[in-house]
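Text of structure_4.tsv, listed as TSV, C-alpha atoms:
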chain	number	residue	atom	x	y	z
M	22	MET	CA	2.79	-0.50	28.18
M	23	ARG	CA	0.20	2.08	27.02
M	24	ASP	CA	2.05	2.30	23.70
M	25	LEU	CA	1.12	-1.33	22.92
M	26	GLY	CA	-2.53	-0.32	22.72
M	27	VAL	CA	-1.70	2.86	20.82
M	28	GLY	CA	0.21	0.88	18.20
M	29	PHE	CA	-2.67	-1.55	17.75
M	30	ARG	CA	-5.11	1.35	17.38
M	31	TYR	CA	-2.98	2.78	14.56
M	32	LEU	CA	-3.29	-0.58	12.81
M	33	LEU	CA	-7.08	-0.42	13.15
M	34	LYS	CA	-7.22	3.24	12.09
M	35	GLY	CA	-5.33	2.40	8.93
M	36	GLN	CA	-7.80	-0.34	8.05
M	37	ARG	CA	-10.71	2.03	8.71
M	38	TRP	CA	-9.10	4.70	6.51
M	39	VAL	CA	-8.83	2.44	3.46
M	40	ALA	CA	-12.34	1.09	4.12
M	41	ARG	CA	-13.62	4.66	3.76
M	42	HIS	CA	-11.51	5.23	0.64
M	43	GLY	CA	-12.51	2.29	-1.53
M	44	ARG	CA	-10.51	3.33	-4.59
M	45	GLN	CA	-7.27	3.45	-2.59
M	46	PHE	CA	-8.03	0.03	-1.13
M	47	GLY	CA	-8.60	-1.46	-4.59
M	48	PHE	CA	-5.37	-0.09	-6.03
M	49	GLY	CA	-3.49	-1.11	-2.89
M	50	LEU	CA	-4.47	-4.76	-3.37
M	51	LEU	CA	-2.68	-5.13	-6.73
M	52	PRO	CA	0.96	-5.26	-5.49
M	53	GLY	CA	0.07	-7.79	-2.79
M	54	LEU	CA	-1.72	-10.03	-5.27
M	55	ILE	CA	1.23	-9.95	-7.67
M	56	THR	CA	3.69	-10.77	-4.89
M	57	LEU	CA	1.44	-13.50	-3.50
M	58	VAL	CA	1.33	-15.27	-6.88
M	59	LEU	CA	5.14	-15.10	-7.18
M	60	TYR	CA	5.70	-16.43	-3.65
M	61	ALA	CA	3.08	-19.17	-4.04
M	62	ALA	CA	4.76	-20.34	-7.25
M	63	ALA	CA	8.16	-20.39	-5.53
M	64	LEU	CA	6.86	-22.38	-2.55
M	65	VAL	CA	5.05	-24.87	-4.79
M	66	ALA	CA	8.27	-25.37	-6.75
M	67	LEU	CA	10.15	-25.87	-3.48
M	68	ALA	CA	7.60	-28.45	-2.34
M	69	LEU	CA	7.76	-30.33	-5.64
M	70	TRP	CA	11.50	-30.28	-6.26
M	71	GLY	CA	12.96	-29.64	-2.82
M	72	GLU	CA	13.64	-33.34	-2.23
M	73	ASP	CA	15.39	-33.65	-5.60
M	74	PHE	CA	17.55	-30.65	-4.75
M	75	VAL	CA	18.51	-32.10	-1.36
M	76	THR	CA	19.39	-35.44	-2.99
M	77	TRP	CA	21.55	-33.65	-5.55
M	78	ALA	CA	23.25	-31.58	-2.82
M	79	THR	CA	24.06	-34.61	-0.61
M	80	PRO	CA	25.80	-37.18	-2.84
M	81	PHE	CA	27.83	-38.33	0.16
M	82	ALA	CA	24.68	-39.93	1.60
M	83	ASP	CA	24.14	-42.20	-1.42
M	84	ASP	CA	26.03	-45.05	0.19
M	85	TRP	CA	24.39	-44.78	3.60
M	86	SER	CA	22.41	-47.78	4.75
M	87	SER	CA	18.64	-47.67	4.98
M	88	PRO	CA	16.84	-45.89	6.59
M	89	TRP	CA	19.48	-43.29	7.51
M	90	ALA	CA	19.87	-41.70	4.08
M	91	GLY	CA	16.10	-41.25	3.74
M	92	LEU	CA	15.72	-39.85	7.25
M	93	PHE	CA	18.64	-37.45	6.80
M	94	ARG	CA	17.41	-36.17	3.44
M	95	GLY	CA	13.82	-35.98	4.67
M	96	PHE	CA	14.95	-33.84	7.60
M	97	LEU	CA	16.94	-31.54	5.29
M	98	THR	CA	13.96	-31.25	2.93
M	99	ALA	CA	11.71	-30.24	5.82
M	100	VAL	CA	14.30	-27.70	7.02
M	101	LEU	CA	14.63	-26.31	3.49
M	102	PHE	CA	10.87	-25.81	3.18
M	103	ALA	CA	10.65	-24.30	6.68
M	104	LEU	CA	13.40	-21.83	5.78
M	105	GLY	CA	11.52	-21.02	2.58
M	106	LEU	CA	8.38	-20.24	4.59
M	107	LEU	CA	10.37	-18.16	7.08
M	108	LEU	CA	12.01	-16.25	4.24
M	109	SER	CA	8.59	-15.67	2.68
M	110	VAL	CA	7.18	-14.19	5.90
M	111	LEU	CA	10.23	-12.01	6.48
M	112	THR	CA	10.46	-10.67	2.93
M	113	PHE	CA	6.83	-10.53	1.77
M	114	THR	CA	6.28	-6.99	3.00
M	115	ALA	CA	9.57	-5.70	1.58
M	116	VAL	CA	8.93	-7.23	-1.84
M	117	THR	CA	5.29	-6.09	-1.90
M	118	LEU	CA	6.31	-2.53	-1.00
M	119	LEU	CA	8.98	-2.58	-3.70
M	120	VAL	CA	6.56	-3.91	-6.33
M	121	GLY	CA	3.89	-1.44	-5.25
M	122	GLN	CA	6.10	1.59	-4.57
M	123	PRO	CA	4.04	4.03	-6.71
M	124	PHE	CA	0.73	2.69	-5.33
M	125	TYR	CA	1.77	2.91	-1.68
M	126	GLU	CA	3.51	6.26	-2.06
M	127	ASN	CA	0.29	7.66	-3.48
M	128	LEU	CA	-1.79	6.07	-0.70
M	129	SER	CA	0.55	7.36	2.01
M	130	GLU	CA	0.47	10.88	0.57
M	131	LYS	CA	-3.34	10.85	0.55
M	132	VAL	CA	-3.38	9.78	4.21
M	133	ASP	CA	-1.01	12.63	5.06
M	134	ARG	CA	-3.18	15.15	3.22
M	135	ASP	CA	-6.31	13.79	4.84
M	136	VAL	CA	-5.08	14.18	8.41
M	137	SER	CA	-2.74	17.16	8.05
M	138	PRO	CA	-4.17	20.41	9.49
M	139	ASP	CA	-3.13	22.31	6.35
M	140	GLY	CA	-4.05	19.54	3.91
M	141	THR	CA	-0.50	19.07	2.62
M	142	ALA	CA	1.82	16.06	2.47
M	143	PRO	CA	5.64	15.96	2.58
M	144	GLU	CA	7.22	15.13	-0.78
M	145	SER	CA	10.68	13.72	-1.38
M	146	GLY	CA	11.20	15.60	-4.63
M	147	LEU	CA	13.23	12.66	-5.96
M	148	PRO	CA	12.69	10.97	-9.34
M	149	LEU	CA	10.78	7.68	-9.23
M	150	LEU	CA	13.82	5.59	-10.21
M	151	ARG	CA	15.87	7.19	-7.42
M	152	GLU	CA	13.10	6.44	-4.90
M	153	LEU	CA	12.93	2.83	-6.12
M	154	TRP	CA	16.68	2.45	-5.75
M	155	ILE	CA	16.67	3.84	-2.19
M	156	SER	CA	13.71	1.65	-1.26
M	157	ALA	CA	15.33	-1.48	-2.72
M	158	ARG	CA	18.66	-0.74	-1.03
M	159	ASP	CA	17.11	-0.12	2.38
M	160	SER	CA	14.81	-3.12	2.05
M	161	LEU	CA	17.79	-5.36	1.31
M	162	ARG	CA	19.54	-4.09	4.43
M	163	ILE	CA	16.46	-4.79	6.53
M	164	VAL	CA	15.99	-8.24	5.01
M	165	VAL	CA	19.60	-9.14	5.84
M	166	ARG	CA	19.04	-8.06	9.45
M	167	ALA	CA	15.78	-10.00	9.59
M	168	LEU	CA	17.42	-13.11	8.14
M	169	VAL	CA	20.17	-13.01	10.76
M	170	TRP	CA	17.49	-12.94	13.45
M	171	GLY	CA	15.51	-15.62	11.62
M	172	VAL	CA	18.43	-18.05	11.40
M	173	LEU	CA	19.32	-17.42	15.06
M	174	LEU	CA	15.75	-18.02	16.23
M	175	PHE	CA	15.43	-21.09	13.99
M	176	ALA	CA	18.53	-22.57	15.61
M	177	LEU	CA	17.27	-21.71	19.10
M	178	GLY	CA	14.04	-23.48	18.23
M	179	PHE	CA	15.81	-26.81	18.78
M	180	VAL	CA	16.46	-25.94	22.45
M	181	PRO	CA	14.12	-28.11	24.56
M	182	VAL	CA	11.11	-26.33	26.12
M	183	ALA	CA	12.37	-22.77	25.47
M	184	GLY	CA	12.55	-23.49	21.76
M	185	GLN	CA	8.85	-24.35	21.69
M	186	THR	CA	7.62	-21.61	24.04
M	187	VAL	CA	9.84	-18.54	24.50
M	188	VAL	CA	11.54	-18.51	21.09
M	189	PRO	CA	8.31	-18.34	19.00
M	190	VAL	CA	7.11	-15.39	21.11
M	191	ILE	CA	10.41	-13.56	20.57
M	192	GLY	CA	10.15	-14.40	16.88
M	193	PHE	CA	6.77	-12.71	16.55
M	194	PHE	CA	8.05	-9.55	18.26
M	195	VAL	CA	11.12	-9.49	16.00
M	196	THR	CA	8.92	-9.99	12.93
M	197	GLY	CA	6.61	-7.23	14.14
M	198	PHE	CA	9.51	-4.80	14.50
M	199	PHE	CA	10.83	-5.39	10.99
M	200	LEU	CA	7.34	-5.32	9.47
M	201	THR	CA	6.75	-1.94	11.07
M	202	GLU	CA	10.08	-0.63	9.81
M	203	GLU	CA	9.24	-1.59	6.25
M	204	LEU	CA	5.76	-0.08	6.42
M	205	THR	CA	6.70	3.21	8.12
M	206	ALA	CA	9.57	3.57	5.63
M	207	VAL	CA	7.02	4.58	2.97
M	208	ALA	CA	6.15	7.76	4.90
M	209	LEU	CA	9.52	8.34	6.58
M	210	GLN	CA	11.58	7.95	3.42
M	211	ARG	CA	9.36	10.57	1.77
M	212	ARG	CA	10.37	12.88	4.62
M	213	GLY	CA	14.07	12.24	4.02
M	214	VAL	CA	14.59	10.11	7.14
M	215	GLU	CA	17.49	7.73	6.49
M	216	LEU	CA	17.47	4.06	7.50
M	217	ARG	CA	19.76	4.52	10.51
M	218	GLU	CA	17.54	7.33	11.82
M	219	ARG	CA	14.40	5.27	11.18
M	220	LEU	CA	15.73	2.35	13.18
M	221	ALA	CA	16.74	4.65	16.06
M	222	LEU	CA	13.28	6.25	15.98
M	223	LEU	CA	11.52	2.89	16.13
M	224	ARG	CA	13.80	1.55	18.89
M	225	SER	CA	12.98	4.60	20.99
M	226	ARG	CA	9.34	3.41	21.16
M	227	LYS	CA	9.55	-0.36	20.88
M	228	THR	CA	6.22	-1.04	22.59
M	229	LEU	CA	4.42	1.21	20.09
M	230	VAL	CA	6.13	-0.66	17.25
M	231	TRP	CA	5.28	-4.07	18.74
M	232	GLY	CA	1.66	-3.07	19.29
M	233	PHE	CA	1.39	-2.26	15.58
M	234	GLY	CA	3.61	-4.89	13.96
M	235	THR	CA	3.21	-8.01	16.11
M	236	PRO	CA	-0.55	-8.54	15.57
M	237	LEU	CA	0.00	-7.71	11.91
M	238	GLY	CA	2.73	-10.37	11.70
M	239	LEU	CA	0.38	-12.90	13.31
M	240	ALA	CA	-2.37	-12.02	10.84
M	241	PHE	CA	0.06	-12.40	7.93
M	242	LEU	CA	0.43	-16.10	8.82
M	243	VAL	CA	-3.09	-16.69	7.49
M	244	PRO	CA	-3.04	-17.23	3.69
M	245	PHE	CA	-4.25	-14.22	1.64
M	246	VAL	CA	-4.73	-12.05	4.74
M	247	ALA	CA	-1.50	-10.12	4.06
M	248	VAL	CA	-2.81	-9.06	0.66
M	249	PHE	CA	-6.00	-7.55	2.07
M	250	LEU	CA	-4.35	-5.92	5.10
M	251	MET	CA	-1.43	-4.30	3.24
M	252	PRO	CA	-3.24	-1.11	2.09
M	253	GLY	CA	-4.57	-0.45	5.60
M	254	ALA	CA	-1.19	-1.33	7.11
M	255	VAL	CA	0.48	1.33	4.95
M	256	ALA	CA	-2.19	3.86	5.94
M	257	GLY	CA	-1.82	3.01	9.65
M	258	ALA	CA	1.97	3.14	9.42
M	259	THR	CA	1.72	6.62	7.91
M	260	LEU	CA	-0.38	7.77	10.86
M	261	MET	CA	2.11	6.20	13.26
M	262	ALA	CA	5.04	7.85	11.46
M	263	ARG	CA	3.43	11.23	12.11
M	264	ASP	CA	3.21	10.33	15.80
M	265	LEU	CA	6.85	9.23	15.92
M	266	LEU	CA	7.97	12.53	14.39
M	267	GLY	CA	5.67	14.59	16.60
M	268	GLU	CA	3.68	15.98	13.67
M	269	GLU	CA	0.27	17.47	14.37
M	270	THR	CA	-2.68	15.40	13.21
M	271	ALA	CA	-6.11	16.94	12.72
M	272	GLY	CA	-8.72	15.04	14.71
M	273	GLU	CA	-8.00	12.64	17.55
M	274	ASP	CA	-8.23	9.55	15.35
M	275	ALA	CA	-7.37	11.12	12.05
M	276	GLU	CA	-10.94	10.67	10.88
M	277	LYS	CA	-12.29	14.09	10.03
M	278	PRO	CA	-15.91	14.51	8.99
M	279	GLY	CA	-16.58	15.03	5.32
M	280	LYS	CA	-13.67	12.87	4.22
M	281	ALA	CA	-15.53	9.90	2.92
M	282	GLU	CA	-14.23	10.36	-0.64
M	283	ASP	CA	-10.68	10.21	-1.90
M	284	VAL	CA	-8.72	13.38	-1.37
M	285	PRO	CA	-7.56	14.67	-4.77
M	286	SER	CA	-3.86	14.58	-5.53

As structure tokens, please, write out the structure in this file.
Amino acid sequence: MRDLGVGFRYLLKGQRWVARHGRQFGFGLLPGLITLVLYAAALVALALWGEDFVTWATPFADDWSSPWAGLFRGFLTAVLFALGLLLSVLTFTAVTLLVGQPFYENLSEKVDRDVSPDGTAPESGLPLLRELWISARDSLRIVVRALVWGVLLFALGFVPVAGQTVVPVIGFFVTGFFLTEELTAVALQRRGVELRERLALLRSRKTLVWGFGTPLGLAFLVPFVAVFLMPGAVAGATLMARDLLGEETAGEDAEKPGKAEDVPS
């Protein structure tokens, strides 16, 4: 259980790191803001035209007597919007990381240089387009896994009592795991660690992963919070990736004196 606290401390350390490196924090906000605008537009469109879509998709209910057609379509509209919200939560990090790949790669490298005893950071050596392709491919695989869990948990949510108590708790832990995978992928992919290896690495220390990702997933439920926490989350995930791989980190909390300014590339 000690790892739960360790994971949470990595989340806090990441936020402290970007707070001390204001330029990195500012650049790190841009991808989240872009993604937030896109997702907000999609959800507004779903709220405005979701009912029309459900009506179009259920012509068989046109002849139903009142109030059954309205109740049925209202229920489907609510389910559609709930699934849209769930999809947004599950995919926001993946899409933001994809949009901000160059920003977050740069941030992660600076964290590595800052806390590495020799001041160096691992580099993939791959062209940017190749890195984007690998990131998009792996993100899609993770999103599919997350959606399978999401649909399963959504269905279990209709189970009396357990659906309103146990299932939401499990859902937050599942969300935390996948959030952590996406965030640590920035540093681990740069080290050449493939998706299958990353998943095995994270499963080997689930409580560490939950301590980092679960409170982050809870915070992401608050509008706009995800945007402001993303840079620090990437920084904290980089520190945690070093721990998972057993890499030496200079300073107990990766906060060496004299590092208040950005480390040059």

Quick one: of M:Leu177, M:Gly95, M:Ala62, M:Arg166, who's nearest to Ala82 (chain M), counting all atoms listed in the file?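 Using all atoms listed in the file, the shortest distance to Ala82 (chain M) belongs to M:Gly95.
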
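With distances restricted to all atoms listed in the file, M:Glu202 is the closest residue to Glu218 (chain M) from M:Glu202, M:Thr270, M:Phe113, M:Arg41.
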
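Proximity ranking of M:Gly28, M:Leu222, M:Gln45, M:Glu215 relative to Ile155 (chain M) places M:Glu215 first, based on only C-alpha atoms.
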
List the neighbours of Thr56 (chain M) out to 7 Å using all atoms listed in the file; skip same-chain residues closer than 4 positions along the sequence, and give me the result as a VMD selection string. chain M and resid 52 60 117

I want to know what sits within 8 Å of region 230-247 of chain M, based on all atoms listed in the file, with residues of the same chain fewer than 2 positions away left out; could you give that as a count of residues only? 27

Which residue gives the smallest distance to Gly192 (chain M) among M:Pro148, M:Arg224, M:Asp139, M:Leu107, with all atoms listed in the file counted? M:Leu107
